[in-house]
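One structure below.
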Amino acid sequence: MRKKIVAGNWKMNLDYANGISLFSEIVNMVRDEKKGDQIAIICAPYIHLNSLAQLGGEIVKIGAQNCHQNDSGAFTGEISATMIKSVGCEYVIIGHSERRQYFAEGNELLAQKTIKALENQLTPIFCIGETLEERNNGSYFEVLKAQLAQGIFGLSSADFSKVVIAYEPVWAIGTGLTATSDQAQEVHAYIRKEIEAKYDQEIADACTILYGGSCNPKNASELFAQPDIDGGLIGGASLKSRDFVDIVKAFNS
Ligand code: 13P
């Protein structure tokens, strides 16, 4: 059985007090309402992580949104995977399209960050996804294949098995344009086939692949019902406790 995960990505939103308050609401609602074995995660800005990890306990897990590729040193303004781990985080998003686009993070760098996360016993949530142009010109499978091959297919089988993948079509992020469940399922099945070709069927079957991009309480159930979609990476809707928790509850089981 694959892990089912709903992870919120708060991006650069919420000051400290508002972050604590929203997270406390989410923890209480997940505790009272969640049925089933799905995992709820909030990936918050760095300043929130320490406090949230203490508030969340076993109920809502905590992740960072990025980490540096080195352990420590003269990298002013950066945060290492070791530091993230030290405050109780269990996850870290690597290679979000906003990091790729605005901070020029390429697959080679993202491969290094993934290794650092794993060395520090953090689960990487490794993001891949095509732009609208790449979708329209039909090159999206090649783009995704290269992101996988250069980003995470250098890992050993044992390390790869610890990675969560998030498929986030760039054209669906923050736009209200969700991929249809058929479009998302097509890509998730493709990703799983690529994993099988690189590793083996057992590893491919066990890999959790999340969908992200305008996922909301209305469309989550249909997306999560697809055979190769194991949950979601949620942006805007994770900033509202009711919406986020309804997405956590959207699995059919
Ligand atoms: P939205 O859910 O706001 O489209 O964002 C998706 C995302 O980028 C999550 O990482």
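Ordered as shown in the structure tokens, chains take letters A, B, and onward, while each chain numbers its residues from 1 and ligands are numbered from 1 in the order shown.
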
Got a sec to check which residues lie within 9 Å of ligand 1, using only C-alpha atoms and all ligand atoms, and send them as an mmCIF file with C-alpha atoms, in the first residue's frame?
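Produced file selection.cif, reproduced below:
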```
data_model
loop_
_atom_site.group_PDB
_atom_site.id
_atom_site.type_symbol
_atom_site.label_atom_id
_atom_site.label_comp_id
_atom_site.auth_asym_id
_atom_site.auth_seq_id
_atom_site.Cartn_x
_atom_site.Cartn_y
_atom_site.Cartn_z
ATOM 1 C CA ALA A 7 0.757 18.383 1.996
ATOM 2 C CA GLY A 8 0.057 22.092 2.279
ATOM 3 C CA ASN A 9 2.614 24.504 0.858
ATOM 4 C CA TRP A 10 2.100 27.868 2.508
ATOM 5 C CA LYS A 11 4.752 29.472 0.238
ATOM 6 C CA GLN A 65 9.900 24.471 1.374
ATOM 7 C CA ILE A 93 9.947 20.307 -0.744
ATOM 8 C CA HIS A 96 9.157 23.537 -6.638
ATOM 9 C CA SER A 97 8.539 25.272 -9.971
ATOM 10 C CA GLU A 98 8.769 28.655 -8.233
ATOM 11 C CA CYS A 127 8.482 18.493 -7.674
ATOM 12 C CA ALA A 166 4.818 15.801 -6.752
ATOM 13 C CA GLU A 168 2.688 20.100 -10.500
ATOM 14 C CA PRO A 169 1.942 21.368 -14.002
ATOM 15 C CA VAL A 170 3.168 24.973 -13.915
ATOM 16 C CA TRP A 171 0.114 26.132 -15.850
ATOM 17 C CA ALA A 172 -2.169 24.864 -13.094
ATOM 18 C CA ILE A 173 -0.400 26.503 -10.139
ATOM 19 C CA GLY A 174 -2.333 29.397 -8.631
ATOM 20 C CA THR A 175 -4.315 29.834 -11.853
ATOM 21 C CA GLY A 176 -7.536 28.039 -10.986
ATOM 22 C CA LEU A 177 -6.829 25.852 -14.039
ATOM 23 C CA THR A 178 -6.675 22.363 -12.577
ATOM 24 C CA TYR A 211 -0.760 16.066 -7.743
ATOM 25 C CA GLY A 212 -0.492 19.841 -7.265
ATOM 26 C CA GLY A 213 -2.050 22.797 -9.041
ATOM 27 C CA SER A 214 -5.339 24.465 -8.062
ATOM 28 C CA CYS A 215 -6.390 21.425 -6.059
ATOM 29 C CA ASN A 216 -9.381 22.311 -3.871
ATOM 30 C CA GLY A 232 -1.960 16.374 -3.262
ATOM 31 C CA LEU A 233 0.425 19.271 -2.773
ATOM 32 C CA ILE A 234 -1.828 22.175 -1.967
ATOM 33 C CA GLY A 235 -0.998 25.881 -2.270
ATOM 34 C CA GLY A 236 -3.805 28.445 -1.910
ATOM 35 C CA ALA A 237 -6.306 26.074 -0.306
ATOM 36 C CA SER A 238 -3.825 25.205 2.464
#
```

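Per DSSP on the backbone, strand (DSSP E or B) in stretch 159-253 of chain A comprises Val164, Ile165, Ala166, Tyr167, Ile209, Leu210, Tyr211, Gly212, Gly231, Gly232, Leu233 and Ile234 of chain A.
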
Would you mind exporting N, CA and C atoms of the selected residues as a tab-separated table (two decimals), in the first residue's frame?
```
chain	number	residue	atom	x	y	z
A	164	VAL	N	9.17	11.20	-2.11
A	164	VAL	CA	7.80	11.44	-2.59
A	164	VAL	C	7.92	12.35	-3.81
A	165	ILE	N	7.16	12.05	-4.87
A	165	ILE	CA	7.18	12.90	-6.07
A	165	ILE	C	5.90	13.72	-6.11
A	166	ALA	N	6.02	14.98	-6.52
A	166	ALA	CA	4.82	15.80	-6.75
A	166	ALA	C	4.81	16.27	-8.20
A	167	TYR	N	3.75	15.91	-8.91
A	167	TYR	CA	3.57	16.42	-10.27
A	167	TYR	C	2.74	17.70	-10.18
A	209	ILE	N	2.97	9.48	-5.40
A	209	ILE	CA	3.03	10.57	-6.38
A	209	ILE	C	1.83	11.49	-6.14
A	210	LEU	N	2.15	12.73	-5.76
A	210	LEU	CA	1.12	13.72	-5.44
A	210	LEU	C	0.82	14.58	-6.66
A	211	TYR	N	-0.40	15.08	-6.71
A	211	TYR	CA	-0.76	16.07	-7.74
A	211	TYR	C	-0.85	17.45	-7.09
A	212	GLY	N	-0.35	18.48	-7.76
A	212	GLY	CA	-0.49	19.84	-7.27
A	212	GLY	C	-0.84	20.80	-8.38
A	231	GLY	N	-2.45	11.58	-3.60
A	231	GLY	CA	-2.68	12.73	-2.72
A	231	GLY	C	-2.32	14.01	-3.43
A	232	GLY	N	-2.15	15.07	-2.64
A	232	GLY	CA	-1.96	16.37	-3.26
A	232	GLY	C	-0.95	17.25	-2.55
A	233	LEU	N	-0.41	18.19	-3.32
A	233	LEU	CA	0.42	19.27	-2.77
A	233	LEU	C	-0.39	20.54	-3.01
A	234	ILE	N	-0.77	21.18	-1.93
A	234	ILE	CA	-1.83	22.18	-1.97
A	234	ILE	C	-1.27	23.56	-1.64
```

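Using only C-alpha atoms for every distance, the candidate list A:Thr208, A:Asn28, A:Gln226, A:Ser21 yields A:Thr208 as the residue closest to A:Ile191.
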
Identify, on the basis of only C-alpha atoms, every residue whose closest approach to stretch 50-58 of chain A does not exceed 7 Å; exclude the query and any residue fewer than 6 positions from it along the same chain; express the result as a count of residues only. 5

Å distance separating atom CA of A:Thr82 from atom CA of A:Pro124, one decimal place: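 Going from atom CA of A:Thr82 over to atom CA of A:Pro124 covers 13.3 Å.
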
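For the pair atom CA of A:Val143 and atom CA of A:Lys116, the interatomic distance is 24.1 Å.
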
Contacts of A:His68 within 9 Å, only C-alpha atoms, excl. fewer than 2 positions in-chain, as a short mmCIF file (atom, residue, chain, number, x, y, z; two decimals) with C-alpha atoms, in the first residue's frame:
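around39.cif, written as the output of this step:
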```cif
data_model
loop_
_atom_site.label_atom_id
_atom_site.label_comp_id
_atom_site.auth_asym_id
_atom_site.auth_seq_id
_atom_site.Cartn_x
_atom_site.Cartn_y
_atom_site.Cartn_z
CA ASN A 66 13.57 24.36 0.39
CA ASN A 70 25.62 22.14 1.80
CA ASP A 71 25.75 21.14 5.45
CA SER A 72 26.97 24.48 6.80
CA PHE A 75 26.16 30.88 2.68
CA GLU A 78 20.58 30.02 3.63
CA ILE A 79 19.22 27.13 5.74
CA SER A 80 20.63 23.58 5.70
CA ALA A 81 18.82 20.28 5.82
CA GLN A 112 22.34 17.70 -4.66
CA LYS A 113 19.61 19.12 -2.43
CA LYS A 116 21.32 16.40 1.48
#
```

Taking into account only C-alpha atoms, which residue in the set A:Gln121, A:Ser156, A:Asn137, A:Ser241 is nearest to A:Ser24? A:Ser241

Can you work out which one of A:Gln183, A:Thr76, A:Gln201, A:Asn107 has the shortest atom-to-atom distance to A:Leu223, counting only C-alpha atoms?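 Among the listed residues, A:Gln183 lies closest to A:Leu223.
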
Just the number, please: distance in Å from atom CA of A:Phe251 to atom CA of A:Ile42, one decimal.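 One can read the atom CA of A:Phe251 to atom CA of A:Ile42 distance as 17.8 Å.
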
Nearby residues (only C-alpha atoms) at most 10 Å from A:Glu222, same-chain spacing under 4 positions excluded, as JSON, numbers by chain: {"A": [180, 181, 182, 217, 218, 226, 229, 250, 251, 252]}

Close residues, A:Ala149 itself excluded, 9 Å, only C-alpha atoms, min 4 positions apart in chain, as number ranges by chain: A: 107, 144-145, 153-154, 198

Among stretch 106-218 of chain A, which ones does DSSP place in alpha helix (DSSP H), written as a PyMOL selection string? chain A and resi 107-119+132-136+140-151+157-160+181-198+201-206

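Remark: for A:Val248, the closest of the candidate residues A:Thr114, A:Lys85, A:Val163, A:Ser221 is A:Ser221 (distances computed over only C-alpha atoms).
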
Please determine, counting only C-alpha atoms, which residue among A:Ile59, A:Ile84, A:Val92, A:Ile203 has the shortest atom-to-atom distance to A:Met29.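 With only C-alpha atoms as the atom set, the closest residue is A:Ile59.
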